[in-house]
Amino acid sequence: MSFDCSEHLSYKVLHLTGEIDLSNSSKVRRCLLDILNNERSVIVDFSELKYIDSSGMATLVEGLNIANKKGLSLTIAAANGAPLQVLELTRLNQVFKIVDSVSEIRE
Amino acid sequence: MKTQNLLSKKWTSCPDELSDIRQNMKAICRQVEFSEEETNAIVLAIDEACTNIIRYAYKDCRDGIVHIDVSTDGHQVIFRLYDFAKHVSEDCLKIKTSSPLKPGGLGVMLMREVMDSVEFIHTKKCKGNILEMKKNLPKETE
């Protein structure tokens, strides 16, 4: 698993690559919380994400709760394959704002 | 049909092993011809069960053993996950919350959503826990 960040308009974009599970979800959590602590809304880019388990999803839920409290947003972009299935199985697809691509997000 | 063993393998209770466990489960699911979608879901359910063993049975201690047996009777695939930690309560398999925004319980919810049955098999003969999960095989199309 690897991740990096870029900018899109006023948003920070967190690009996730590979597989997220118990062995590495804490690294994603630290990065996500850093972004939110800097008062930035975030787009989490799933386009290169192959797998995510409940520890990864719990990290995103925690991030969403923090974003909501701060008046920020957390959006998931380009979910596909197994990660999209996880969103559907947990019904978190009804909780997160999900868009087809990062470029779809406008100010 | 006689029960056919598909896999019997041990891993340590280290989170780094989860990737290899997933690869093994994916290979079995393809062998018995689950669809790609069912395969993804079953791999996820087994991963969640192993994560719970690591976190709650072994309490993040990395030198425990996770033993997985997979077999089929021709109607179902039976996944048995053995650990050798202290007995855990049956309550671990209860879904804790109905709100996805509250922490905890997502893994158990996923296991129950994906599998046709999920239960502990209690035995006084051996130390540890046996979690049995069953998934019906895809029906053959005519």
# chains A, B, ... in the order shown; residues from 1 in each chain; ligands from 1
>>> interface_residues(of="chain B", to="chain A", cutoff="9 Å", atoms="only C-alpha atoms", output="list in words")
Cys14, Pro15, Asp16, Glu17, Leu18, Ser19, Glu37, Asn40, Ala41, Leu44, Asp47, Glu48, Thr51, Pro100, Leu101, Lys102, Pro103, Gly104, Gly105, Leu106, Gly107, Met109, Leu110, Glu113 and Val114 of chain B
>>> select_by_dssp(residues="chain A", states="strand (DSSP E)", output="tab-separated table (two decimals) with C-alpha atoms, in the first residue's frame")
chain	number	residue	atom	x	y	z
A	2	SER	CA	1.16	3.52	-0.67
A	3	PHE	CA	-0.43	6.94	-0.62
A	4	ASP	CA	0.37	10.45	-1.68
A	5	CYS	CA	-1.35	13.81	-1.74
A	6	SER	CA	-2.11	16.42	-4.37
A	7	GLU	CA	-4.27	19.52	-4.67
A	8	HIS	CA	-7.57	20.00	-6.48
A	11	TYR	CA	-9.32	20.35	-1.65
A	12	LYS	CA	-6.52	18.10	-0.55
A	13	VAL	CA	-6.62	14.83	-2.51
A	14	LEU	CA	-5.44	11.67	-0.78
A	15	HIS	CA	-4.57	9.06	-3.43
A	16	LEU	CA	-4.64	5.49	-2.07
A	17	THR	CA	-2.86	2.72	-3.96
A	18	GLY	CA	-2.83	-1.06	-3.40
A	19	GLU	CA	-4.37	-2.81	-0.41
A	20	ILE	CA	-5.41	-1.38	2.97
A	42	VAL	CA	-10.42	16.08	1.51
A	43	ILE	CA	-11.12	13.91	-1.51
A	44	VAL	CA	-10.04	10.30	-1.03
A	45	ASP	CA	-9.10	8.92	-4.44
A	46	PHE	CA	-9.91	5.18	-4.72
A	47	SER	CA	-8.99	4.85	-8.41
A	48	GLU	CA	-5.84	2.80	-7.72
A	49	LEU	CA	-7.13	1.11	-4.57
A	50	LYS	CA	-7.46	-2.67	-4.96
A	51	TYR	CA	-8.66	-3.66	-1.50
A	52	ILE	CA	-9.87	-2.09	1.74
A	74	LEU	CA	-14.71	14.14	2.97
A	75	THR	CA	-15.58	12.78	-0.46
A	76	ILE	CA	-14.68	9.44	-2.01
A	77	ALA	CA	-13.75	9.46	-5.71
A	97	LYS	CA	-20.50	11.47	-0.84
A	98	ILE	CA	-19.12	9.39	-3.73
A	99	VAL	CA	-18.18	10.80	-7.12
>>> residues_around(residues="stretch 53-61 of chain B", least_positions_apart="5", cutoff="8 Å", atoms="only C-alpha atoms", output="list in words")
Ser13, Cys14, Pro15, Val66, Asp83, Ala85, Lys86, His87 and Val88 of chain B
>>> select_by_dssp(residues="stretch 3-90 of chain A", states="alpha helix (DSSP H)", output="PyMOL selection string")
chain A and resi 25-37+54-70+81-89
>>> write_last_selection(atoms="C-alpha atoms", output="short mmCIF file (atom, residue, chain, number, x, y, z; two decimals), in the first residue's frame")
data_model
loop_
_atom_site.label_atom_id
_atom_site.label_comp_id
_atom_site.auth_asym_id
_atom_site.auth_seq_id
_atom_site.Cartn_x
_atom_site.Cartn_y
_atom_site.Cartn_z
CA SER A 25 -4.58 1.38 8.04
CA SER A 26 -3.00 3.32 10.93
CA LYS A 27 -0.66 5.07 8.44
CA VAL A 28 -3.64 6.16 6.35
CA ARG A 29 -5.38 7.33 9.53
CA ARG A 30 -2.46 9.54 10.54
CA CYS A 31 -2.31 11.13 7.08
CA LEU A 32 -6.07 11.70 6.92
CA LEU A 33 -6.21 13.24 10.39
CA ASP A 34 -3.25 15.53 9.54
CA ILE A 35 -5.15 16.87 6.52
CA LEU A 36 -8.32 17.47 8.55
CA ASN A 37 -6.38 19.03 11.44
CA SER A 54 -13.16 -2.66 7.83
CA SER A 55 -10.13 -1.14 9.58
CA GLY A 56 -9.62 1.07 6.52
CA MET A 57 -13.31 1.92 6.31
CA ALA A 58 -13.38 2.72 10.04
CA THR A 59 -10.56 5.19 9.42
CA LEU A 60 -12.61 6.92 6.74
CA VAL A 61 -15.70 6.96 8.99
CA GLU A 62 -13.62 8.56 11.75
CA GLY A 63 -12.38 11.10 9.22
CA LEU A 64 -15.93 11.84 8.06
CA ASN A 65 -17.12 12.39 11.63
CA ILE A 66 -14.24 14.83 12.26
CA ALA A 67 -14.84 16.61 8.94
CA ASN A 68 -18.54 17.03 9.75
CA LYS A 69 -17.74 18.50 13.19
CA LYS A 70 -15.31 20.97 11.63
CA GLY A 81 -14.11 -3.25 -7.86
CA ALA A 82 -13.65 -4.75 -4.38
CA PRO A 83 -13.51 -1.38 -2.51
CA LEU A 84 -16.83 -0.34 -4.07
CA GLN A 85 -18.30 -3.68 -2.97
CA VAL A 86 -17.14 -2.99 0.62
CA LEU A 87 -18.86 0.40 0.54
CA GLU A 88 -22.06 -1.28 -0.64
CA LEU A 89 -21.89 -4.23 1.80
#
>>> atom_distance(atom1="atom CA of B:Lys139", atom2="atom CA of B:Lys94")
29.2 Å
